[in-house]
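Okay, query-v3.txt is below, compact mmCIF, C-alpha atoms:
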# COMPACT_ATOMS: atom_id res chain seq x y z
CA MET A 1 -83.28 -3.71 1.31
CA ARG A 2 -82.93 -5.89 4.34
CA ALA A 3 -80.56 -5.29 7.23
CA ARG A 4 -79.79 -8.64 8.77
CA ARG A 5 -78.12 -8.84 12.18
CA LYS A 6 -76.41 -12.04 13.18
CA LEU A 7 -75.32 -12.10 16.82
CA THR A 8 -72.96 -14.87 17.78
CA GLY A 9 -72.35 -14.83 21.53
CA TRP A 10 -69.17 -16.55 22.61
CA GLY A 11 -66.61 -16.12 25.33
CA PRO A 12 -67.13 -14.73 28.82
CA SER A 13 -67.63 -11.06 28.01
CA LYS A 14 -70.13 -9.17 25.87
CA ALA A 15 -67.29 -7.29 24.26
CA SER A 16 -66.22 -10.39 22.36
CA ARG A 17 -69.50 -10.96 20.55
CA THR A 18 -69.31 -10.96 16.80
CA VAL A 19 -71.81 -8.86 14.94
CA ASP A 20 -72.04 -9.25 11.19
CA ILE A 21 -74.31 -6.66 9.71
CA TYR A 22 -75.26 -6.81 6.10
CA TRP A 23 -77.19 -4.43 3.93
CA GLY A 24 -78.92 -5.31 0.71
CA ASN A 25 -76.49 -7.19 -1.50
CA GLY A 26 -74.29 -8.39 1.37
CA LEU A 27 -72.33 -5.21 2.00
CA ASN A 28 -70.50 -5.74 5.29
CA VAL A 29 -70.77 -2.59 7.35
CA GLN A 30 -67.70 -3.24 9.50
CA GLN A 31 -65.50 -3.92 6.50
CA GLU A 32 -66.79 -0.84 4.68
CA LEU A 33 -66.36 1.28 7.82
CA LEU A 34 -62.78 0.15 8.44
CA GLY A 35 -61.93 1.05 4.85
CA LEU A 36 -63.55 4.43 5.37
CA LEU A 37 -61.64 5.12 8.60
CA ASP A 38 -58.37 4.09 7.00
CA GLU A 39 -58.95 6.46 4.12
CA VAL A 40 -60.36 9.47 5.98
CA LEU A 41 -57.81 9.32 8.79
CA SER A 42 -54.90 8.33 6.52
CA LEU A 43 -54.16 5.30 8.67
CA ARG A 44 -52.12 3.70 5.87
CA GLY A 45 -53.50 0.20 6.37
CA ARG A 46 -53.89 0.24 10.15
CA GLY A 47 -57.66 0.24 9.63
CA ALA A 48 -57.49 -3.24 8.12
CA LEU A 49 -55.92 -4.55 11.34
CA MET A 50 -58.75 -3.33 13.56
CA THR A 51 -61.44 -5.52 15.06
CA SER A 52 -64.81 -4.60 16.52
CA ASP A 53 -63.13 -4.25 19.96
CA SER A 54 -60.52 -1.78 18.75
CA LYS A 55 -60.76 1.51 20.61
CA LEU A 56 -61.21 4.67 18.56
CA LEU A 57 -61.77 7.97 20.40
CA GLY A 58 -58.84 8.67 22.67
CA ALA A 59 -56.83 5.76 21.25
CA VAL A 60 -56.39 6.79 17.62
CA PRO A 61 -54.39 10.03 17.65
CA GLU A 62 -55.62 11.04 14.18
CA LEU A 63 -59.21 11.16 15.49
CA ASP A 64 -59.54 14.75 16.69
CA SER A 65 -62.76 16.79 16.48
CA MET A 66 -62.13 17.88 12.89
CA ALA A 67 -61.43 14.28 11.92
CA VAL A 68 -64.72 13.27 13.57
CA VAL A 69 -66.48 15.78 11.29
CA ALA A 70 -64.75 14.23 8.28
CA VAL A 71 -65.69 10.70 9.39
CA LEU A 72 -69.34 11.71 9.92
CA SER A 73 -69.51 13.21 6.43
CA ALA A 74 -67.87 10.18 4.87
CA MET A 75 -70.26 7.82 6.70
CA GLU A 76 -73.27 9.83 5.57
CA GLU A 77 -72.15 9.67 1.96
CA ARG A 78 -70.88 6.10 1.87
CA PHE A 79 -73.92 4.59 3.62
CA GLY A 80 -76.56 7.05 2.43
CA ILE A 81 -77.60 8.03 5.97
CA THR A 82 -78.27 11.36 7.71
CA ILE A 83 -76.83 12.07 11.13
CA ASP A 84 -78.44 14.78 13.26
CA ASP A 85 -76.47 16.83 15.78
CA ASP A 86 -78.28 15.32 18.73
CA GLU A 87 -77.35 11.79 17.63
CA ILE A 88 -73.63 12.49 17.89
CA GLU A 89 -72.10 11.35 21.16
CA GLY A 90 -68.62 10.33 22.20
CA SER A 91 -69.88 6.85 23.06
CA ALA A 92 -70.64 6.09 19.40
CA PHE A 93 -66.97 6.61 18.64
CA ALA A 94 -65.68 4.53 21.58
CA THR A 95 -64.82 1.44 19.54
CA VAL A 96 -65.11 0.15 16.00
CA GLY A 97 -67.99 -2.03 17.20
CA SER A 98 -69.90 0.89 18.70
CA LEU A 99 -69.48 2.87 15.48
CA VAL A 100 -70.66 -0.11 13.40
CA ASP A 101 -73.75 -0.35 15.65
CA PHE A 102 -74.36 3.37 15.22
CA VAL A 103 -74.24 3.13 11.42
CA ALA A 104 -76.31 -0.07 11.36
CA SER A 105 -79.03 1.55 13.47
CA LYS A 106 -79.42 4.18 10.72
CA LEU A 107 -79.57 1.79 7.77
CA PRO A 108 -82.96 1.11 6.20
CA ASN A 109 -84.81 -2.06 7.17
CA ALA A 110 -86.87 -3.29 4.27
CA MET B 1 -44.56 21.66 -17.34
CA PRO B 2 -42.77 18.41 -18.36
CA ASP B 3 -45.10 15.99 -20.05
CA SER B 4 -44.34 12.27 -20.15
CA SER B 5 -46.66 11.56 -23.05
CA GLY B 6 -44.71 13.74 -25.43
CA ALA B 7 -47.33 16.18 -26.67
CA SER B 8 -47.44 19.23 -24.47
CA ILE B 9 -50.92 20.73 -24.10
CA PRO B 10 -51.02 24.51 -23.96
CA PHE B 11 -53.60 26.20 -21.81
CA GLU B 12 -54.81 29.76 -21.46
CA ALA B 13 -55.67 31.47 -18.20
CA PHE B 14 -57.86 34.54 -18.56
CA PHE B 15 -60.69 36.52 -17.06
CA ALA B 16 -64.07 36.28 -18.81
CA GLU B 17 -66.63 39.05 -18.43
CA TRP B 18 -70.10 37.74 -17.87
CA GLY B 19 -72.73 38.16 -15.20
CA LYS B 20 -71.54 40.31 -12.32
CA GLY B 21 -67.82 40.88 -12.65
CA ARG B 22 -64.94 38.81 -14.01
CA ARG B 23 -64.52 35.07 -13.85
CA PHE B 24 -61.18 33.32 -13.73
CA CYS B 25 -61.05 30.73 -16.54
CA LEU B 26 -58.65 28.04 -17.68
CA LEU B 27 -58.96 26.75 -21.24
CA HIS B 28 -57.22 23.64 -22.58
CA ARG B 29 -57.37 23.12 -26.34
CA PRO B 30 -56.59 19.91 -28.25
CA PRO B 31 -53.48 19.84 -30.45
CA GLY B 32 -55.51 18.60 -33.41
CA ALA B 33 -59.15 18.26 -34.38
CA VAL B 34 -61.88 19.08 -31.87
CA ALA B 35 -63.88 15.99 -30.86
CA GLY B 36 -65.97 17.73 -28.22
CA ALA B 37 -66.16 20.54 -25.70
CA ILE B 38 -66.76 20.37 -21.96
CA VAL B 39 -67.27 22.81 -19.09
CA TYR B 40 -65.96 21.88 -15.64
CA VAL B 41 -68.03 22.92 -12.61
CA PRO B 42 -65.85 22.90 -9.49
CA PRO B 43 -66.67 21.85 -5.92
CA PHE B 44 -67.37 24.11 -2.95
CA ALA B 45 -65.00 25.79 -0.47
CA GLU B 46 -61.85 23.87 0.49
CA GLU B 47 -62.69 21.08 -1.94
CA LEU B 48 -62.10 23.57 -4.77
CA ASN B 49 -58.57 24.25 -3.57
CA LYS B 50 -57.67 20.63 -2.91
CA SER B 51 -58.91 19.43 -6.30
CA ARG B 52 -57.30 21.96 -8.62
CA ARG B 53 -54.44 19.64 -9.50
CA MET B 54 -56.70 16.71 -10.46
CA ALA B 55 -58.92 19.03 -12.49
CA ALA B 56 -55.89 20.39 -14.36
CA LEU B 57 -54.53 16.89 -15.03
CA ALA B 58 -57.90 15.71 -16.34
CA ALA B 59 -58.26 18.80 -18.52
CA ARG B 60 -54.84 18.12 -20.01
CA ASP B 61 -55.66 14.47 -20.66
CA LEU B 62 -59.05 15.28 -22.16
CA ALA B 63 -57.51 17.94 -24.41
CA ARG B 64 -55.02 15.37 -25.62
CA SER B 65 -58.05 13.25 -26.63
CA GLY B 66 -59.55 16.08 -28.65
CA TRP B 67 -61.67 17.92 -26.07
CA VAL B 68 -61.74 21.65 -25.52
CA VAL B 69 -61.98 22.02 -21.73
CA LEU B 70 -63.14 25.19 -19.95
CA GLN B 71 -62.73 25.44 -16.19
CA VAL B 72 -64.29 28.41 -14.43
CA ASP B 73 -64.11 29.73 -10.87
CA LEU B 74 -67.65 30.68 -9.87
CA MET B 75 -68.60 34.10 -8.56
CA GLY B 76 -66.96 34.79 -5.22
CA CYS B 77 -64.88 31.60 -5.41
CA GLY B 78 -61.22 30.95 -6.07
CA ASP B 79 -59.67 33.63 -8.25
CA SER B 80 -62.90 35.05 -9.63
CA GLU B 81 -64.10 38.50 -8.74
CA GLY B 82 -66.43 39.12 -5.84
CA ASP B 83 -66.79 37.78 -2.34
CA LEU B 84 -68.66 34.65 -1.46
CA SER B 85 -70.96 36.74 0.72
CA ASP B 86 -72.15 38.56 -2.43
CA ALA B 87 -72.79 35.37 -4.40
CA SER B 88 -75.94 33.30 -4.80
CA TRP B 89 -76.90 29.94 -6.22
CA ASP B 90 -78.65 31.77 -9.06
CA ASP B 91 -75.42 33.65 -9.84
CA TRP B 92 -73.62 30.34 -9.99
CA LYS B 93 -76.19 28.79 -12.33
CA LEU B 94 -75.78 31.84 -14.54
CA ASP B 95 -71.98 31.35 -14.48
CA VAL B 96 -72.43 27.77 -15.71
CA ARG B 97 -74.83 28.84 -18.47
CA CYS B 98 -72.50 31.66 -19.55
CA ALA B 99 -69.56 29.26 -19.63
CA LEU B 100 -71.50 26.81 -21.80
CA ASP B 101 -72.62 29.58 -24.11
CA TRP B 102 -69.09 31.00 -24.40
CA LEU B 103 -67.60 27.62 -25.17
CA HIS B 104 -70.30 26.85 -27.71
CA ARG B 105 -69.54 30.08 -29.54
CA GLN B 106 -65.80 29.35 -29.40
CA THR B 107 -66.03 25.81 -30.76
CA GLY B 108 -69.33 25.48 -32.64
CA VAL B 109 -69.98 22.41 -30.49
CA LEU B 110 -72.69 22.00 -27.81
CA PRO B 111 -70.60 21.45 -24.67
CA ALA B 112 -70.89 18.63 -22.19
CA LEU B 113 -70.89 19.34 -18.44
CA TRP B 114 -68.43 17.87 -15.95
CA GLY B 115 -68.88 18.33 -12.22
CA LEU B 116 -66.84 17.37 -9.18
CA ARG B 117 -68.72 16.92 -5.87
CA ALA B 118 -71.12 19.87 -5.34
CA GLY B 119 -70.25 20.95 -8.88
CA CYS B 120 -72.37 18.01 -10.08
CA LEU B 121 -75.42 19.40 -8.25
CA LEU B 122 -74.87 22.85 -9.71
CA ALA B 123 -74.26 21.40 -13.18
CA VAL B 124 -77.55 19.48 -13.07
CA GLU B 125 -79.54 22.44 -11.74
CA ALA B 126 -78.04 24.71 -14.42
CA ALA B 127 -78.61 22.07 -17.12
CA ARG B 128 -82.33 21.91 -16.30
CA GLU B 129 -82.66 25.40 -17.74
CA LEU B 130 -80.78 24.80 -20.99
CA ALA B 131 -82.27 24.56 -24.46
CA TYR B 132 -80.36 21.31 -25.06
CA VAL B 133 -79.58 18.28 -22.93
CA PRO B 134 -75.83 18.14 -22.35
CA GLU B 135 -73.76 15.01 -21.94
CA LEU B 136 -72.87 14.73 -18.26
CA LEU B 137 -69.79 13.60 -16.36
CA PHE B 138 -69.99 13.24 -12.57
CA TRP B 139 -67.00 12.88 -10.32
CA GLN B 140 -68.07 11.72 -6.83
CA PRO B 141 -71.29 13.73 -6.87
CA VAL B 142 -72.75 15.23 -3.73
CA LEU B 143 -76.13 13.51 -3.55
CA SER B 144 -77.84 16.02 -1.26
CA GLY B 145 -77.14 19.76 -1.16
CA LYS B 146 -78.88 19.91 2.21
CA GLN B 147 -76.52 17.32 3.65
CA HIS B 148 -73.51 19.05 2.09
CA MET B 149 -74.46 22.24 3.90
CA GLN B 150 -75.00 20.46 7.21
CA GLN B 151 -71.57 18.87 6.86
CA PHE B 152 -70.10 22.31 6.13
CA LEU B 153 -71.79 23.87 9.17
CA ARG B 154 -70.39 21.04 11.31
CA LEU B 155 -66.89 22.47 10.73
CA ARG B 156 -67.88 25.42 12.90
CA VAL B 157 -69.26 23.34 15.75
CA ALA B 158 -66.63 20.59 15.50
CA ALA B 159 -65.01 21.38 18.83
CA ASN B 160 -68.37 21.05 20.65
CA MET B 161 -69.40 17.96 18.72
CA LEU B 162 -68.68 15.26 21.25
CA GLU B 163 -69.52 17.09 24.43
CA ASN B 164 -72.66 15.69 25.96
CA GLY B 165 -73.61 19.07 27.38
CA LYS B 166 -73.99 20.73 24.00
CA GLY B 167 -72.33 24.04 23.24
CA ALA B 168 -74.41 27.09 22.44
CA GLU B 169 -74.15 26.45 18.72
CA THR B 170 -75.41 23.51 16.75
CA THR B 171 -75.72 23.00 13.01
CA GLU B 172 -79.44 23.49 13.54
CA SER B 173 -79.02 26.88 15.25
CA LEU B 174 -76.65 28.01 12.49
CA ARG B 175 -79.17 26.83 9.90
CA GLU B 176 -81.91 28.83 11.59
CA ARG B 177 -79.79 31.95 11.42
CA LEU B 178 -79.20 31.39 7.69
CA LEU B 179 -82.92 30.79 7.09
CA ALA B 180 -83.58 34.07 8.92
CA GLY B 181 -81.35 35.85 6.41
CA GLU B 182 -78.13 36.03 8.39
CA GLU B 183 -74.72 35.27 6.92
CA VAL B 184 -72.69 32.72 8.88
CA GLU B 185 -68.91 32.41 8.98
CA VAL B 186 -67.58 28.86 8.71
CA ALA B 187 -63.93 27.86 8.50
CA GLY B 188 -63.01 31.26 7.06
CA TYR B 189 -65.85 31.31 4.51
CA ALA B 190 -68.62 33.94 4.79
CA LEU B 191 -71.60 31.78 3.81
CA PRO B 192 -74.56 33.84 2.61
CA PRO B 193 -78.18 32.63 2.82
CA ALA B 194 -78.48 32.94 -0.99
CA VAL B 195 -75.87 30.23 -1.42
CA PHE B 196 -77.05 28.11 1.53
CA LEU B 197 -80.67 28.05 0.35
CA GLY B 198 -79.63 27.18 -3.19
CA PHE B 199 -77.75 24.16 -1.88
CA GLU B 200 -80.67 23.11 0.32
CA HIS B 201 -83.05 23.06 -2.65
CA ALA B 202 -80.65 21.54 -5.16
CA LYS B 203 -81.46 18.00 -6.22
CA LEU B 204 -79.59 15.44 -8.26
CA ASP B 205 -82.88 14.42 -9.88
CA PRO B 206 -82.71 13.37 -13.53
CA ILE B 207 -83.17 15.90 -16.31
CA PRO B 208 -86.01 14.81 -18.57
CA GLY B 209 -85.20 13.72 -22.11
CA GLY B 210 -82.33 11.34 -21.57
CA GLY B 211 -78.71 11.49 -22.68
CA LYS B 212 -75.33 10.12 -21.67
CA LEU B 213 -74.12 10.20 -18.08
CA ALA B 214 -70.76 8.92 -16.86
CA TRP B 215 -70.74 8.61 -13.05
CA PHE B 216 -67.52 7.94 -11.18
CA GLU B 217 -66.82 7.42 -7.50
CA LEU B 218 -63.59 6.71 -5.68
CA GLY B 219 -63.00 4.43 -2.75
CA ALA B 220 -60.34 2.51 -0.91
CA ALA B 221 -61.77 -0.86 -1.87
CA GLU B 222 -61.39 -2.58 -5.21
CA GLY B 223 -65.19 -2.85 -5.79
CA ASP B 224 -66.64 -1.97 -9.14
CA GLU B 225 -70.16 -0.72 -8.56
CA LEU B 226 -71.26 2.67 -7.29
CA SER B 227 -71.95 2.94 -3.56
CA PRO B 228 -75.51 1.96 -2.59
CA ALA B 229 -76.77 5.53 -2.13
CA ALA B 230 -75.35 6.66 -5.48
CA ARG B 231 -76.56 3.55 -7.26
CA SER B 232 -80.10 4.25 -6.15
CA LEU B 233 -79.98 7.76 -7.65
CA ALA B 234 -78.23 6.52 -10.80
CA ASP B 235 -81.05 4.02 -11.30
CA GLY B 236 -83.45 6.96 -11.26
CA TRP B 237 -81.51 8.52 -14.15
CA LYS B 238 -81.70 5.22 -16.06
CA ARG B 239 -85.46 5.07 -15.54
CA ALA B 240 -85.67 8.62 -16.93
CA GLY B 241 -84.11 7.37 -20.16
CA TRP B 242 -80.45 8.17 -19.56
CA ASP B 243 -77.59 5.94 -20.65
CA VAL B 244 -75.72 5.77 -17.32
CA ALA B 245 -72.26 4.27 -16.94
CA GLY B 246 -71.45 4.12 -13.21
CA GLN B 247 -68.18 2.94 -11.77
CA ARG B 248 -66.40 3.01 -8.43
CA LEU B 249 -62.64 3.10 -8.83
CA LYS B 250 -59.83 2.50 -6.40
CA GLY B 251 -58.31 5.86 -5.54
CA THR B 252 -57.93 8.52 -2.93
CA SER B 253 -60.56 11.17 -2.10
CA PHE B 254 -58.34 13.93 -3.40
CA TRP B 255 -60.92 16.69 -2.78
CA GLN B 256 -60.60 16.22 0.98
CA THR B 257 -57.10 14.90 1.72
CA GLN B 258 -54.61 16.82 3.85
CA GLU B 259 -51.94 16.65 1.16
CA ILE B 260 -52.69 17.33 -2.52
CA GLU B 261 -53.20 13.87 -4.01
CA GLU B 262 -53.94 12.37 -7.41
CA ALA B 263 -56.19 9.56 -8.55
CA PRO B 264 -54.72 8.18 -11.77
CA SER B 265 -57.46 5.55 -12.10
CA LEU B 266 -60.04 8.33 -12.35
CA LEU B 267 -58.05 10.18 -15.02
CA ALA B 268 -57.75 7.04 -17.13
CA ALA B 269 -61.40 6.06 -16.75
CA THR B 270 -62.61 9.59 -17.54
CA THR B 271 -60.54 9.88 -20.69
CA SER B 272 -61.55 6.49 -21.99
CA SER B 273 -65.19 7.19 -21.16
CA LEU B 274 -65.16 10.37 -23.23
CA ALA B 275 -62.75 9.22 -25.93
CA GLY B 276 -63.38 8.53 -29.57
CA VAL B 277 -66.82 9.65 -30.70
CA THR B 278 -67.25 13.18 -32.03
CA ARG B 279 -70.13 14.77 -30.21
CA GLY B 280 -72.02 17.91 -29.53
CA HIS B 281 -72.98 18.80 -33.08
Any chance you could put this one into C-alpha cells?
Amino acid sequence: MRARRKLTGWGPSKASRTVDIYWGNGLNVQQELLGLLDEVLSLRGRGALMTSDSKLLGAVPELDSMAVVAVLSAMEERFGITIDDDEIEGSAFATVGSLVDFVASKLPNA
Amino acid sequence: MPDSSGASIPFEAFFAEWGKGRRFCLLHRPPGAVAGAIVYVPPFAEELNKSRRMAALAARDLARSGWVVLQVDLMGCGDSEGDLSDASWDDWKLDVRCALDWLHRQTGVLPALWGLRAGCLLAVEAARELAYVPELLFWQPVLSGKQHMQQFLRLRVAANMLENGKGAETTESLRERLLAGEEVEVAGYALPPAVFLGFEHAKLDPIPGGGKLAWFELGAAEGDELSPAARSLADGWKRAGWDVAGQRLKGTSFWQTQEIEEAPSLLAATTSSLAGVTRGH
C-alpha cells in the first residue's frame, strides 16, 4: 500500500500548509484521526470542527495523561501501527497536524 | 426487566464447577425451538465491566432468535472464583473448552464461539484445540495480544508518558519484570506472567479447515468495510477457506467509554448475521 504525501505550501507561515496523507484505498489520515479523537475523548462533534492547526495538548481539557493512553491505543488499532514508549513525546500531541504527521510516519510505504 | 419486544427472555445465573474452582455463568435460553448454541468469551480487565450490558442485550436478542447463549467469567475475572494473579492463559483456554463442552451436553448442539475484544483472541486460541471447527463471531477483535498487553501496561506509566526525561518505569521495564517471572500491578489488577505471556503469544491466525466467521467493528464514521488492519487479517481467514463476513458499523466503543453505552447497530447486525439457519448438528 502506498502512502502518498501531497504538500501544498501557501500563505506566509509553515503552519498553514495543507498536508493530505492517504493510505492504500484513499483513507484520509486526518479525517480518520479527527473521528478517532472525537470518539475517544467524547468531544461530541468538536473533533469535526478541528483543522490541522488546532492545538491539542494543553488546549483540549479532555486530553489528560489517561486520555493520551486511550488515544495511543485507538491509533494503534485503527491504523494498524505500533508505538514504542520512546516514540511518545508531548510534541507529537501539540496540534492535530503534528499528530497526523506522527501517524503518517508510522504507516507502511509500499 | 421490561421488554419492548413483548417476549421476555428468562436467564439463569449460576456457578459452574470446572477446572480450578467455580465459574460465574449466565445462560439465556430461547422461548421456543433451539436453532443454535453459542459461548461468549469476554474481554480483559475494565473492558469486561464496561461491556456487560451490551453482552447481556445481545444474549437476550440472540435467545429470542433461537440461540442458547452461555456467558462465562473466566478464572480470576469478574464474579468467578480465584484471583487474577492465580490465573493463566492455559486456565482460560480450559474455561472456554469446558464452557463449550457443557453447552454441547446441555443442548446436543456443537456451540459457536463469540468473542469481544481480547475474548476473540482467546476464543481462537481455544478453538485451535477443539475436535470440531466452531462457527465464529468477532466483536471488535484485538488483533495482537502483545499490543493489548503493551496498551495495558501503559496505564501504569500514563503519568510519565509525556515527560521528555522519562520516569523510572516504562512499558518495556514492566515487560522485563513480567518476563522474569514477576507479577505487576496495573490499574488495580495484579497481572501475572502466566496471563501476560499467554497474551503475548496469542495470534488471530486462521484455524485450518474453514468455517463461518462474522467479524464486526464499530466506528464513528459511516463506512462499511473493516478497518485496514482488520481487513488484512480477515483476508488471511478467507485465504484459509473461511466464509468471512466483515462489517464496520456506526456505533460507540462501548467497551472503553466512561459511561456504560450501547451500540444498537451491532445488536441488530449480530442477530441478523446469526438468524435463521439451524446449525451445530
Would you kindly report the residues of chain A within 7 Å of chain B, using only C-alpha atoms, as an mmCIF file with C-alpha atoms, in the frame of the given file?
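So the final result, stored in result.cif, reads:
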data_model
loop_
_atom_site.group_PDB
_atom_site.id
_atom_site.type_symbol
_atom_site.label_atom_id
_atom_site.label_comp_id
_atom_site.auth_asym_id
_atom_site.auth_seq_id
_atom_site.Cartn_x
_atom_site.Cartn_y
_atom_site.Cartn_z
ATOM 1 C CA GLY A 35 -61.930 1.050 4.850
ATOM 2 C CA GLU A 39 -58.950 6.460 4.120
ATOM 3 C CA SER A 65 -62.760 16.790 16.480
ATOM 4 C CA MET A 66 -62.130 17.880 12.890
ATOM 5 C CA VAL A 69 -66.480 15.780 11.290
ATOM 6 C CA SER A 73 -69.510 13.210 6.430
ATOM 7 C CA ARG A 78 -70.880 6.100 1.870
ATOM 8 C CA PHE A 79 -73.920 4.590 3.620
ATOM 9 C CA GLY A 80 -76.560 7.050 2.430
ATOM 10 C CA ASP A 85 -76.470 16.830 15.780
ATOM 11 C CA ILE A 88 -73.630 12.490 17.890
ATOM 12 C CA GLU A 89 -72.100 11.350 21.160
ATOM 13 C CA GLY A 90 -68.620 10.330 22.200
#
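In this model, the gap between atom CA of B:Val195 and atom CA of B:Pro111 comes to 25.4 Å.
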>> Env of stretch 31-33 of chain B: 7 Å cut, atoms = only C-alpha atoms, seq-sep filter 5 positions within chain, self excluded. Answer as JSON, numbers by chain.
In response: {"B": [9, 64, 66]}
>> Residues proximal to (-65.0, 24.8, -31.2) were defined as those with any atom within 9 Å of that point in the file's coordinates, counting all atoms listed in the file. Which are they, as an MDAnalysis selection string?
In response: chainID B and resid 34:37 68 103:110
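Going from atom CA of B:Tyr40 over to atom CA of B:Ala112, you cover 8.8 Å.
Distance annotation: of A:Lys106, A:Leu43, A:Leu34, A:Asp101, the residue with the minimal separation from A:Asp84 is A:Lys106; atom set is only C-alpha atoms.
We find atom CA of B:Pro43 and atom CA of B:Gly198 to be spaced 14.3 Å apart.
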Padding of 4 Å on every side, edges along x, y and z, all listed atoms of stretch 44-51 of chain A included: what centre and edge lengths in Å, to one decimal, does that box have, as AutoDock Vina command-line options?
--center_x -56.8 --center_y -0.9 --center_z 10.5 --size_x 17.3 --size_y 17.2 --size_z 17.2
> In terms of the shortest atom-to-atom distance over all atoms listed in the file, which of A:Thr51, A:Ser98, A:Ser105, A:Asn28 is closest to A:Ile83?
Replying inline: A:Ser105
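Compared by their closest atoms to A:Glu32, and using all atoms listed in the file, the residues B:Pro208, B:Gly145, B:Gly223, B:Leu213 rank with B:Gly223 nearest.
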>> Please list as a count of residues only every residue within 7 Å of stretch 50-52 of chain B, counting only C-alpha atoms and excluding residues in the same chain fewer than 5 positions away.
In response: 4
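Nearest residue to B:Glu217 among A:Gln31, A:Asp38, A:Glu77, A:Val103 is A:Glu77, counting all atoms listed in the file.
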> Using all atoms listed in the file, which residue out of A:Val40, A:Ala92, A:Ala48, A:Ile81 lies closest to A:Ala67?
Replying inline: A:Val40
> If we count all atoms listed in the file, what is near A:Leu57 at a cut-off of 9 Å, once residues fewer than 4 positions away on the same chain are taken out, given as a ChimeraX atom specification?
Replying inline: /A:61,63-64,90-91,93-95
>> When you look at B:Gly211 with a cut-off of 10 Å (counting all atoms listed in the file), what residues show up, excluding the ones that are within fewer than 2 positions of it in the same chain? I need them as JSON, numbers by chain.
In response: {"B": [133, 134, 135, 136, 207, 208, 209, 213, 237, 238, 240, 241, 242, 243, 244]}
Any chance you could build stretch 81-95 of chain A out to N, CA and C atoms and write it as a compact mmCIF listing (two decimals), in the frame of the given file?
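out.txt was written with the following content:
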# COMPACT_ATOMS: atom_id res chain seq x y z
N ILE A 81 -76.84 7.76 4.74
CA ILE A 81 -77.60 8.03 5.97
C ILE A 81 -77.48 9.52 6.33
N THR A 82 -78.34 9.97 7.22
CA THR A 82 -78.27 11.36 7.71
C THR A 82 -78.09 11.32 9.22
N ILE A 83 -77.13 12.07 9.70
CA ILE A 83 -76.83 12.07 11.13
C ILE A 83 -77.14 13.44 11.70
N ASP A 84 -78.09 13.50 12.63
CA ASP A 84 -78.44 14.78 13.26
C ASP A 84 -77.48 15.09 14.39
N ASP A 85 -77.36 16.38 14.69
CA ASP A 85 -76.47 16.83 15.78
C ASP A 85 -76.71 16.06 17.07
N ASP A 86 -78.00 15.90 17.42
CA ASP A 86 -78.28 15.32 18.73
C ASP A 86 -78.05 13.80 18.77
N GLU A 87 -77.67 13.22 17.64
CA GLU A 87 -77.35 11.79 17.63
C GLU A 87 -75.86 11.56 17.86
N ILE A 88 -75.09 12.64 17.82
CA ILE A 88 -73.63 12.49 17.89
C ILE A 88 -73.17 12.53 19.35
N GLU A 89 -72.62 11.41 19.79
CA GLU A 89 -72.10 11.35 21.16
C GLU A 89 -70.75 10.65 21.13
N GLY A 90 -69.92 10.97 22.10
CA GLY A 90 -68.62 10.33 22.20
C GLY A 90 -68.71 8.82 22.23
N SER A 91 -69.77 8.30 22.88
CA SER A 91 -69.88 6.85 23.06
C SER A 91 -69.98 6.11 21.73
N ALA A 92 -70.54 6.75 20.71
CA ALA A 92 -70.64 6.09 19.40
C ALA A 92 -69.26 5.84 18.81
N PHE A 93 -68.32 6.70 19.18
CA PHE A 93 -66.97 6.61 18.64
C PHE A 93 -66.00 5.88 19.57
N ALA A 94 -66.54 5.19 20.60
CA ALA A 94 -65.68 4.53 21.58
C ALA A 94 -64.84 3.42 20.94
N THR A 95 -65.52 2.55 20.20
CA THR A 95 -64.82 1.44 19.54
C THR A 95 -65.32 1.29 18.12
